[in-house]
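Source file model.cif; content: mmCIF, C-alpha atoms and all ligand atoms.
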data_final
#
loop_
_atom_site.group_PDB
_atom_site.id
_atom_site.type_symbol
_atom_site.label_atom_id
_atom_site.label_comp_id
_atom_site.auth_asym_id
_atom_site.auth_seq_id
_atom_site.Cartn_x
_atom_site.Cartn_y
_atom_site.Cartn_z
ATOM 1 C CA MET P 1 14.101 -26.220 76.623
ATOM 2 C CA SER P 2 10.325 -26.312 76.388
ATOM 3 C CA VAL P 3 8.990 -29.563 75.039
ATOM 4 C CA LEU P 4 5.421 -28.294 74.857
ATOM 5 C CA GLU P 5 4.421 -24.662 74.417
ATOM 6 C CA VAL P 6 0.771 -23.689 74.402
ATOM 7 C CA ASP P 7 0.360 -19.989 73.689
ATOM 8 C CA GLY P 8 -2.888 -18.044 73.967
ATOM 9 C CA LEU P 9 -5.113 -21.055 73.389
ATOM 10 C CA THR P 10 -8.795 -20.227 73.042
ATOM 11 C CA LYS P 11 -11.512 -22.733 72.134
ATOM 12 C CA ARG P 12 -15.097 -21.708 71.568
ATOM 13 C CA PHE P 13 -18.061 -23.972 70.934
ATOM 14 C CA GLY P 14 -20.599 -21.559 69.467
ATOM 15 C CA GLY P 15 -21.139 -19.018 72.239
ATOM 16 C CA LEU P 16 -19.397 -21.117 74.901
ATOM 17 C CA VAL P 17 -15.780 -20.221 75.652
ATOM 18 C CA ALA P 18 -14.425 -23.587 76.875
ATOM 19 C CA VAL P 19 -10.779 -22.442 77.016
ATOM 20 C CA ASP P 20 -9.896 -18.756 77.260
ATOM 21 C CA ASP P 21 -6.397 -17.462 76.376
ATOM 22 C CA PHE P 22 -4.605 -20.341 78.105
ATOM 23 C CA SER P 23 -0.816 -20.639 77.963
ATOM 24 C CA LEU P 24 1.421 -23.402 79.262
ATOM 25 C CA ASP P 25 5.130 -24.209 78.908
ATOM 26 C CA VAL P 26 6.344 -27.664 79.885
ATOM 27 C CA GLU P 27 10.068 -28.348 80.219
ATOM 28 C CA GLN P 28 11.796 -31.617 79.376
ATOM 29 C CA GLY P 29 11.397 -34.134 82.212
ATOM 30 C CA GLU P 30 8.730 -32.213 84.126
ATOM 31 C CA ILE P 31 5.526 -33.659 85.525
ATOM 32 C CA VAL P 32 2.893 -30.913 85.494
ATOM 33 C CA GLY P 33 -0.541 -31.278 87.083
ATOM 34 C CA LEU P 34 -3.493 -29.589 85.368
ATOM 35 C CA ILE P 35 -6.448 -29.414 87.728
ATOM 36 C CA GLY P 36 -9.803 -27.669 87.802
ATOM 37 C CA PRO P 37 -13.451 -28.359 88.589
ATOM 38 C CA ASN P 38 -15.482 -30.454 86.142
ATOM 39 C CA GLY P 39 -16.220 -28.476 82.996
ATOM 40 C CA SER P 40 -13.288 -26.088 83.506
ATOM 41 C CA GLY P 41 -11.732 -26.989 80.127
ATOM 42 C CA LYS P 42 -9.012 -29.533 80.993
ATOM 43 C CA SER P 43 -9.981 -32.166 78.421
ATOM 44 C CA THR P 44 -10.585 -29.463 75.826
ATOM 45 C CA VAL P 45 -6.982 -28.268 76.267
ATOM 46 C CA PHE P 46 -5.772 -31.829 75.581
ATOM 47 C CA ASN P 47 -8.166 -32.220 72.640
ATOM 48 C CA CYS P 48 -6.824 -28.988 71.113
ATOM 49 C CA ILE P 49 -3.185 -30.029 71.647
ATOM 50 C CA MET P 50 -3.896 -33.362 69.929
ATOM 51 C CA SER P 51 -5.855 -31.705 67.069
ATOM 52 C CA ILE P 52 -8.996 -33.623 67.982
ATOM 53 C CA TYR P 53 -10.497 -30.139 68.087
ATOM 54 C CA ASP P 54 -9.441 -27.242 65.853
ATOM 55 C CA VAL P 55 -8.246 -24.346 67.980
ATOM 56 C CA THR P 56 -10.184 -21.101 67.759
ATOM 57 C CA GLU P 57 -7.116 -18.999 68.574
ATOM 58 C CA GLY P 58 -3.579 -19.623 69.716
ATOM 59 C CA THR P 59 -0.588 -21.763 68.813
ATOM 60 C CA ILE P 60 0.862 -25.046 70.032
ATOM 61 C CA GLN P 61 4.489 -26.094 69.615
ATOM 62 C CA PHE P 62 6.090 -29.447 70.324
ATOM 63 C CA ASN P 63 9.898 -29.485 70.467
ATOM 64 C CA GLY P 64 9.896 -26.062 68.802
ATOM 65 C CA ASP P 65 7.794 -27.278 65.895
ATOM 66 C CA ALA P 66 4.309 -25.787 65.300
ATOM 67 C CA ILE P 67 1.764 -28.621 65.560
ATOM 68 C CA THR P 68 -1.369 -26.451 65.709
ATOM 69 C CA ASP P 69 -2.488 -27.483 62.221
ATOM 70 C CA ASP P 70 -1.104 -31.036 62.239
ATOM 71 C CA LYS P 71 -3.345 -34.062 62.058
ATOM 72 C CA THR P 72 -3.579 -36.204 65.181
ATOM 73 C CA HIS P 73 -1.526 -39.083 63.786
ATOM 74 C CA GLU P 74 1.229 -36.665 62.752
ATOM 75 C CA ILE P 75 1.401 -35.351 66.313
ATOM 76 C CA VAL P 76 1.527 -38.901 67.687
ATOM 77 C CA ASN P 77 4.296 -39.768 65.245
ATOM 78 C CA LYS P 78 6.255 -36.732 66.475
ATOM 79 C CA GLY P 79 6.265 -38.251 69.974
ATOM 80 C CA LEU P 80 3.259 -36.777 71.781
ATOM 81 C CA SER P 81 0.550 -39.150 72.982
ATOM 82 C CA ARG P 82 -2.611 -38.697 75.019
ATOM 83 C CA VAL P 83 -4.545 -41.116 77.218
ATOM 84 C CA SER P 84 -8.130 -39.932 77.145
ATOM 85 C CA GLN P 85 -10.504 -39.745 80.063
ATOM 86 C CA GLU P 86 -12.665 -42.550 78.677
ATOM 87 C CA SER P 87 -11.349 -46.076 78.179
ATOM 88 C CA ASN P 88 -12.167 -47.591 74.814
ATOM 89 C CA PRO P 89 -10.656 -51.064 74.571
ATOM 90 C CA ILE P 90 -11.945 -53.366 71.871
ATOM 91 C CA ASP P 91 -13.600 -56.200 73.765
ATOM 92 C CA LEU P 92 -13.107 -58.695 70.915
ATOM 93 C CA TYR P 93 -9.335 -58.686 71.423
ATOM 94 C CA PRO P 94 -7.244 -59.607 74.450
ATOM 95 C CA VAL P 95 -4.985 -57.029 76.089
ATOM 96 C CA ALA P 96 -2.085 -57.916 73.757
ATOM 97 C CA GLY P 97 -4.242 -57.458 70.655
ATOM 98 C CA ASN P 98 -5.502 -54.119 71.918
ATOM 99 C CA ILE P 99 -1.937 -52.881 72.410
ATOM 100 C CA LYS P 100 -0.868 -54.210 69.012
ATOM 101 C CA LEU P 101 -3.821 -52.613 67.260
ATOM 102 C CA PHE P 102 -2.805 -49.249 68.597
ATOM 103 C CA THR P 103 0.626 -49.495 66.973
ATOM 104 C CA LEU P 104 -0.839 -50.077 63.519
ATOM 105 C CA PRO P 105 -2.442 -46.864 62.220
ATOM 106 C CA ASN P 106 -0.166 -44.579 60.260
ATOM 107 C CA SER P 107 3.051 -45.981 61.666
ATOM 108 C CA ILE P 108 6.037 -47.335 59.808
ATOM 109 C CA ARG P 109 5.563 -50.509 61.803
ATOM 110 C CA SER P 110 2.270 -51.113 60.009
ATOM 111 C CA LEU P 111 4.403 -52.213 57.047
ATOM 112 C CA ARG P 112 5.632 -55.170 59.064
ATOM 113 C CA GLY P 113 2.342 -55.933 60.810
ATOM 114 C CA GLY P 114 2.663 -53.765 63.924
ATOM 115 C CA ALA P 115 4.636 -54.263 67.115
ATOM 116 C CA SER P 116 6.281 -57.637 67.758
ATOM 117 C CA ASP P 117 5.202 -59.843 70.677
ATOM 118 C CA GLU P 118 8.393 -58.833 72.495
ATOM 119 C CA GLU P 119 7.616 -55.139 72.038
ATOM 120 C CA ILE P 120 4.034 -55.629 73.218
ATOM 121 C CA TYR P 121 5.341 -57.435 76.319
ATOM 122 C CA GLU P 122 7.692 -54.508 77.004
ATOM 123 C CA TYR P 123 4.925 -51.890 76.706
ATOM 124 C CA ALA P 124 2.718 -53.904 79.058
ATOM 125 C CA ALA P 125 5.604 -54.466 81.497
ATOM 126 C CA ARG P 126 6.269 -50.720 81.752
ATOM 127 C CA ILE P 127 2.799 -50.324 83.304
ATOM 128 C CA ASP P 128 2.784 -53.712 85.075
ATOM 129 C CA ILE P 129 0.106 -55.530 83.080
ATOM 130 C CA GLU P 130 2.433 -57.990 81.327
ATOM 131 C CA ASP P 131 0.747 -60.849 83.236
ATOM 132 C CA LYS P 132 -2.647 -59.800 81.760
ATOM 133 C CA LEU P 133 -1.743 -59.919 78.059
ATOM 134 C CA GLN P 134 -4.061 -62.818 77.245
ATOM 135 C CA GLU P 135 -7.027 -61.530 79.281
ATOM 136 C CA MET P 136 -10.060 -59.905 77.715
ATOM 137 C CA PRO P 137 -10.619 -56.207 78.554
ATOM 138 C CA ASP P 138 -14.187 -56.746 79.794
ATOM 139 C CA GLU P 139 -12.881 -59.197 82.421
ATOM 140 C CA LEU P 140 -10.321 -56.786 83.837
ATOM 141 C CA PRO P 141 -10.804 -54.624 86.934
ATOM 142 C CA HIS P 142 -11.202 -50.906 86.199
ATOM 143 C CA ALA P 143 -7.626 -50.032 87.236
ATOM 144 C CA ASP P 144 -6.210 -52.561 84.765
ATOM 145 C CA VAL P 145 -8.406 -51.219 81.949
ATOM 146 C CA ARG P 146 -6.940 -47.786 82.663
ATOM 147 C CA ARG P 147 -3.450 -49.304 82.596
ATOM 148 C CA LEU P 148 -4.243 -50.902 79.242
ATOM 149 C CA GLU P 149 -5.110 -47.438 77.906
ATOM 150 C CA ILE P 150 -1.690 -46.235 79.076
ATOM 151 C CA ALA P 151 0.015 -49.280 77.507
ATOM 152 C CA LYS P 152 -1.671 -48.365 74.194
ATOM 153 C CA ALA P 153 -0.180 -44.879 74.436
ATOM 154 C CA LEU P 154 3.252 -46.346 75.303
ATOM 155 C CA ALA P 155 3.009 -48.430 72.134
ATOM 156 C CA THR P 156 3.279 -45.208 70.120
ATOM 157 C CA GLU P 157 6.699 -44.665 71.811
ATOM 158 C CA PRO P 158 5.966 -41.163 73.092
ATOM 159 C CA GLU P 159 8.506 -38.767 74.507
ATOM 160 C CA MET P 160 5.658 -36.849 76.127
ATOM 161 C CA LEU P 161 2.412 -38.155 77.626
ATOM 162 C CA LEU P 162 -0.828 -36.301 78.331
ATOM 163 C CA LEU P 163 -2.832 -38.257 80.911
ATOM 164 C CA ASP P 164 -6.495 -37.242 81.301
ATOM 165 C CA GLU P 165 -7.886 -38.246 84.715
ATOM 166 C CA PRO P 166 -5.742 -41.393 85.020
ATOM 167 C CA PHE P 167 -6.677 -41.831 88.690
ATOM 168 C CA ALA P 168 -10.467 -41.531 88.276
ATOM 169 C CA GLY P 169 -12.357 -44.430 89.843
ATOM 170 C CA MET P 170 -9.259 -45.878 91.515
ATOM 171 C CA ASN P 171 -8.867 -46.640 95.225
ATOM 172 C CA GLN P 172 -5.991 -45.129 97.197
ATOM 173 C CA ALA P 173 -3.728 -48.187 96.780
ATOM 174 C CA GLU P 174 -4.290 -48.135 93.007
ATOM 175 C CA ILE P 175 -3.671 -44.375 92.910
ATOM 176 C CA ASN P 176 -0.366 -44.796 94.772
ATOM 177 C CA GLU P 177 0.703 -47.617 92.481
ATOM 178 C CA LEU P 178 -0.135 -45.656 89.318
ATOM 179 C CA ALA P 179 1.612 -42.540 90.664
ATOM 180 C CA GLY P 180 4.740 -44.683 91.143
ATOM 181 C CA GLN P 181 4.486 -45.960 87.591
ATOM 182 C CA ILE P 182 4.120 -42.405 86.219
ATOM 183 C CA GLU P 183 7.170 -41.391 88.272
ATOM 184 C CA ARG P 184 9.033 -44.263 86.581
ATOM 185 C CA PHE P 185 8.091 -42.876 83.132
ATOM 186 C CA ARG P 186 9.773 -39.638 84.131
ATOM 187 C CA GLU P 187 12.905 -41.560 85.173
ATOM 188 C CA GLU P 188 12.844 -43.129 81.697
ATOM 189 C CA GLY P 189 13.057 -39.580 80.286
ATOM 190 C CA MET P 190 9.431 -38.766 79.572
ATOM 191 C CA THR P 191 7.710 -35.409 80.042
ATOM 192 C CA ILE P 192 4.184 -35.628 81.422
ATOM 193 C CA VAL P 193 1.050 -33.539 81.984
ATOM 194 C CA VAL P 194 -1.514 -35.154 84.304
ATOM 195 C CA VAL P 195 -5.085 -33.907 84.492
ATOM 196 C CA ASP P 196 -7.252 -34.459 87.528
ATOM 197 C CA HIS P 197 -10.380 -32.745 88.795
ATOM 198 C CA ASN P 198 -8.748 -32.471 92.231
ATOM 199 C CA MET P 199 -5.359 -32.720 93.916
ATOM 200 C CA GLY P 200 -5.852 -36.275 95.214
ATOM 201 C CA GLY P 201 -3.434 -38.398 93.224
ATOM 202 C CA LEU P 202 -1.215 -35.526 92.177
ATOM 203 C CA MET P 203 0.066 -33.965 95.366
ATOM 204 C CA ASN P 204 3.218 -36.092 95.711
ATOM 205 C CA LEU P 205 3.700 -36.693 92.002
ATOM 206 C CA VAL P 206 3.860 -33.352 90.217
ATOM 207 C CA ASP P 207 6.526 -30.648 90.165
ATOM 208 C CA ARG P 208 3.954 -27.890 89.757
ATOM 209 C CA VAL P 209 0.237 -27.432 89.354
ATOM 210 C CA VAL P 210 -1.760 -25.270 86.958
ATOM 211 C CA VAL P 211 -5.395 -24.584 87.861
ATOM 212 C CA LEU P 212 -8.110 -24.000 85.274
ATOM 213 C CA ASN P 213 -11.449 -22.449 86.127
ATOM 214 C CA ASN P 214 -14.119 -21.570 83.536
ATOM 215 C CA GLY P 215 -11.500 -22.063 80.823
ATOM 216 C CA GLU P 216 -9.048 -19.564 82.331
ATOM 217 C CA MET P 217 -5.847 -20.115 84.256
ATOM 218 C CA LEU P 218 -6.731 -19.328 87.846
ATOM 219 C CA ALA P 219 -3.406 -20.093 89.532
ATOM 220 C CA ALA P 220 -0.100 -21.884 89.100
ATOM 221 C CA GLY P 221 2.452 -22.978 91.663
ATOM 222 C CA SER P 222 3.857 -25.816 93.726
ATOM 223 C CA PRO P 223 1.366 -28.425 94.984
ATOM 224 C CA GLU P 224 1.720 -26.910 98.486
ATOM 225 C CA GLU P 225 1.022 -23.376 97.235
ATOM 226 C CA ILE P 226 -2.033 -24.501 95.287
ATOM 227 C CA ALA P 227 -3.408 -26.506 98.214
ATOM 228 C CA GLU P 228 -3.299 -23.315 100.317
ATOM 229 C CA ASN P 229 -4.481 -20.890 97.607
ATOM 230 C CA GLN P 230 -7.668 -19.129 98.705
ATOM 231 C CA ARG P 231 -8.939 -18.430 95.177
ATOM 232 C CA VAL P 232 -8.495 -22.075 94.260
ATOM 233 C CA GLN P 233 -10.387 -23.158 97.388
ATOM 234 C CA GLU P 234 -13.251 -20.809 96.448
ATOM 235 C CA ALA P 235 -13.377 -22.094 92.863
ATOM 236 C CA TYR P 236 -13.810 -25.568 94.255
ATOM 237 C CA LEU P 237 -16.379 -24.637 96.896
ATOM 238 C CA ALA P 238 -19.340 -25.330 94.613
ATOM 239 C CA GLY P 239 -17.799 -28.571 93.473
ATOM 240 C CA GLU P 240 -16.253 -31.573 95.110
ATOM 241 C CA GLY P 241 -13.384 -29.798 96.845
ATOM 242 C CA LEU P 242 -9.663 -30.242 96.525
HETATM 243 P P1 LIG C 1 -13.157 -30.762 81.966
HETATM 244 O O1 LIG C 1 -12.329 -31.765 81.231
HETATM 245 O O2 LIG C 1 -12.350 -29.768 82.740
HETATM 246 O O3 LIG C 1 -14.188 -31.404 82.825
HETATM 247 P P2 LIG C 1 -14.135 -30.098 79.323
HETATM 248 O O4 LIG C 1 -12.908 -29.629 78.630
HETATM 249 O O5 LIG C 1 -14.605 -31.471 79.023
HETATM 250 O O6 LIG C 1 -13.954 -29.891 80.889
HETATM 251 O O7 LIG C 1 -15.322 -29.118 78.991
HETATM 252 C C1 LIG C 1 -15.199 -27.697 79.095
HETATM 253 C C2 LIG C 1 -16.461 -27.076 78.552
HETATM 254 O O8 LIG C 1 -16.515 -27.255 77.141
HETATM 255 C C3 LIG C 1 -17.732 -27.681 79.116
HETATM 256 O O9 LIG C 1 -18.677 -26.659 79.262
HETATM 257 C C4 LIG C 1 -18.157 -28.656 78.035
HETATM 258 O O10 LIG C 1 -19.530 -28.864 78.042
HETATM 259 C C5 LIG C 1 -17.704 -27.934 76.768
HETATM 260 N N1 LIG C 1 -17.376 -28.869 75.673
HETATM 261 C C6 LIG C 1 -16.371 -29.767 75.654
HETATM 262 N N2 LIG C 1 -16.349 -30.442 74.489
HETATM 263 C C7 LIG C 1 -17.385 -29.952 73.758
HETATM 264 C C8 LIG C 1 -17.907 -30.238 72.444
HETATM 265 N N3 LIG C 1 -17.339 -31.152 71.671
HETATM 266 N N4 LIG C 1 -18.972 -29.538 72.027
HETATM 267 C C9 LIG C 1 -19.546 -28.581 72.803
HETATM 268 N N5 LIG C 1 -19.110 -28.262 74.039
HETATM 269 C C10 LIG C 1 -18.045 -28.939 74.528
HETATM 270 MG MG MG C 2 -12.322 -33.802 81.316
#
What would the structure in this file look like if it were written as structure tokens?
Ligand code: ADP
Ligand code: MG
Amino acid sequence: MSVLEVDGLTKRFGGLVAVDDFSLDVEQGEIVGLIGPNGSGKSTVFNCIMSIYDVTEGTIQFNGDAITDDKTHEIVNKGLSRVSQESNPIDLYPVAGNIKLFTLPNSIRSLRGGASDEEIYEYAARIDIEDKLQEMPDELPHADVRRLEIAKALATEPEMLLLDEPFAGMNQAEINELAGQIERFREEGMTIVVVDHNMGGLMNLVDRVVVLNNGEMLAAGSPEEIAENQRVQEAYLAGEGL
């Protein structure tokens, strides 16, 4: 069964068509890669799914339930969470406080003061930052700040995760480690879409790849097929390459 169904999604900003008639079905337990050059519309797709942006046209379903007109917190409460491309920890709070804060808004747990210390430890442990809980975000290396952002999403107890450029700014060892952690989320039963501007971190992680170019789906296939696809190579020629 499809967990996420995006059908005919179009998003215009004035005269700019950022996403053009884009459709995507994600099955339970899949890891799908969504790639495309910078500005191709990847983050806009996520922002439309999460109702950060209103869609211009098209529908979005999560577990068979139309979420197109839901508010963001309603979507999160239904089990869909997104880690955005930018990190935005609150520097006044340690890692633990940042994770806890993210469990507060609009959740039933807010009635009892958010997640317990044990729950916060568990969220952090699932992304291997449980030894950093007392550290301040502005003292953490970049890769750990990115992991904190993922821990915040885990604190909403998602059944599906949208990860926007999780590997950006990481070295190869950090990319490999994070790919292993994402693979573990799948083993725990999660469904995942990972955005990247190239194939780098995704090649060995994803089941299939969807390529966006100028807001349109350019190609879809296995990582091997996409790596060899001539049209995809050409779309990347002006940019940074696959
Ligand atoms: P990607 O994530 O693939 O790099 P984006 O989805 O961020 O691409 O952007 C796709 C296009 O939509 C770009 O031309 C970008 O400038 C435009 N865009 C994105 N968000 C907005 C916005 N809030 N207002 C106006 N234009 C936007
Ligand atoms: Mg983006």
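Our summary of the geometry notes that CA of Tyr53 in chain P is positioned 25.1 Å from CA of Glu30 in chain P.
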Item to complete: Pull out every residue that the PyMOL selection byres (((chain P and resi 207-219) around 8) and not hetatm) matches in the shown coordinates and put them as a PyMOL selection string.
Response: chain P and resi 17-22+30-37+39-42+205-206+220-223+226+231-232+235
Shell of 10 Å around Ala168 in chain P, only C-alpha atoms, local chain residues under 5 positions omitted, as a ChimeraX atom specification:
/P:85-86,142-143,146,175,196-197,200-201
CA of Ile150 in chain P sits from CA of Asn47 in chain P at a separation of 16.7 Å
Give, as lines of an AutoDock Vina configuration file, the centre coordinates and the x, y and z edge lengths in Å to one decimal for an axis-aligned box around all listed atoms of ligand LIG 1 (chain C), padded by 8 Å on each side.
center_x = -15.9
center_y = -29.2
center_z = 77.2
size_x = 23.2
size_y = 21.1
size_z = 27.2
What separation in Å, quoted to one decimal, exists between CA of Ser23 in chain P and CA of Ile60 in chain P?
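CA of Ile60 in chain P lies at a distance of 9.2 Å from CA of Ser23 in chain P.
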Report task. Considering all atoms listed in the file, state which residue in the set P:Glu157, P:Glu187, P:Glu228, P:Glu165 is at the smallest distance from ligand MG 2 (chain C). Result ->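 Going through P:Glu157, P:Glu187, P:Glu228, P:Glu165 one by one, the smallest distance to ligand MG 2 (chain C) is for P:Glu165.
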Thr68 in chain P surroundings by only C-alpha atoms, 9 Å radius, close-in-sequence under 3 positions cut, as an mmCIF file with C-alpha atoms, keeping the file's coordinate frame:
data_model
loop_
_atom_site.group_PDB
_atom_site.id
_atom_site.type_symbol
_atom_site.label_atom_id
_atom_site.label_comp_id
_atom_site.auth_asym_id
_atom_site.auth_seq_id
_atom_site.Cartn_x
_atom_site.Cartn_y
_atom_site.Cartn_z
ATOM 1 C CA CYS P 48 -6.824 -28.988 71.113
ATOM 2 C CA ILE P 49 -3.185 -30.029 71.647
ATOM 3 C CA MET P 50 -3.896 -33.362 69.929
ATOM 4 C CA SER P 51 -5.855 -31.705 67.069
ATOM 5 C CA ASP P 54 -9.441 -27.242 65.853
ATOM 6 C CA VAL P 55 -8.246 -24.346 67.980
ATOM 7 C CA GLY P 58 -3.579 -19.623 69.716
ATOM 8 C CA THR P 59 -0.588 -21.763 68.813
ATOM 9 C CA ILE P 60 0.862 -25.046 70.032
ATOM 10 C CA GLN P 61 4.489 -26.094 69.615
ATOM 11 C CA LYS P 71 -3.345 -34.062 62.058
#
- Query: Between P:Asp7, P:Glu149, P:Asp164, P:Asp69, which has the minimum distance to ligand LIG 1 (chain C) (counting only C-alpha atoms and all ligand atoms)?
  - Reply: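 Nearest candidate to ligand LIG 1 (chain C) out of P:Asp7, P:Glu149, P:Asp164, P:Asp69: P:Asp164.
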- Would you write out, as a VMD selection string, every residue that the PyMOL selection byres (((chain P and resi 126) around 12) and not hetatm) captures in this file? chain P and resid 119 to 125 127 to 131 147 to 148 150 to 155 157 178 180 to 188
Of P:Leu140, P:Val194, P:Val95, P:Leu202, the one sitting nearest ligand MG 2 (chain C) when using only C-alpha atoms and all ligand atoms is P:Val194
| Result set of the PyMOL selection byres (((chain P and resi 192) around 6) and not hetatm) on the coordinates above, as a ChimeraX atom specification | /P:31,160-162,191,193
Let me see the file: selected residues, C-alpha atoms, as a compact mmCIF listing (two decimals), keeping the file's coordinate frame.
# COMPACT_ATOMS: atom_id res chain seq x y z
CA ILE P 31 5.53 -33.66 85.52
CA MET P 160 5.66 -36.85 76.13
CA LEU P 161 2.41 -38.16 77.63
CA LEU P 162 -0.83 -36.30 78.33
CA THR P 191 7.71 -35.41 80.04
CA VAL P 193 1.05 -33.54 81.98
Exercise for the section: Find, counting only C-alpha atoms, the residue in P:Ser87, P:Gln233, P:Asn77, P:Gln172 that gets nearest to Thr103 in chain P. Expected result: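 Closest residue, counting only C-alpha atoms: P:Asn77.
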Which residue gives the smallest distance to ligand MG 2 (chain C) among P:Glu177, P:Asn98, P:Val45, P:Glu27, with all atoms listed in the file counted?
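Under the stated criterion, the closest residue is P:Val45.
Closest to ligand MG 2 (chain C) among P:Gly189, P:Gly29, P:Pro166, P:Pro158 is P:Pro166, based on only C-alpha atoms and all ligand atoms.
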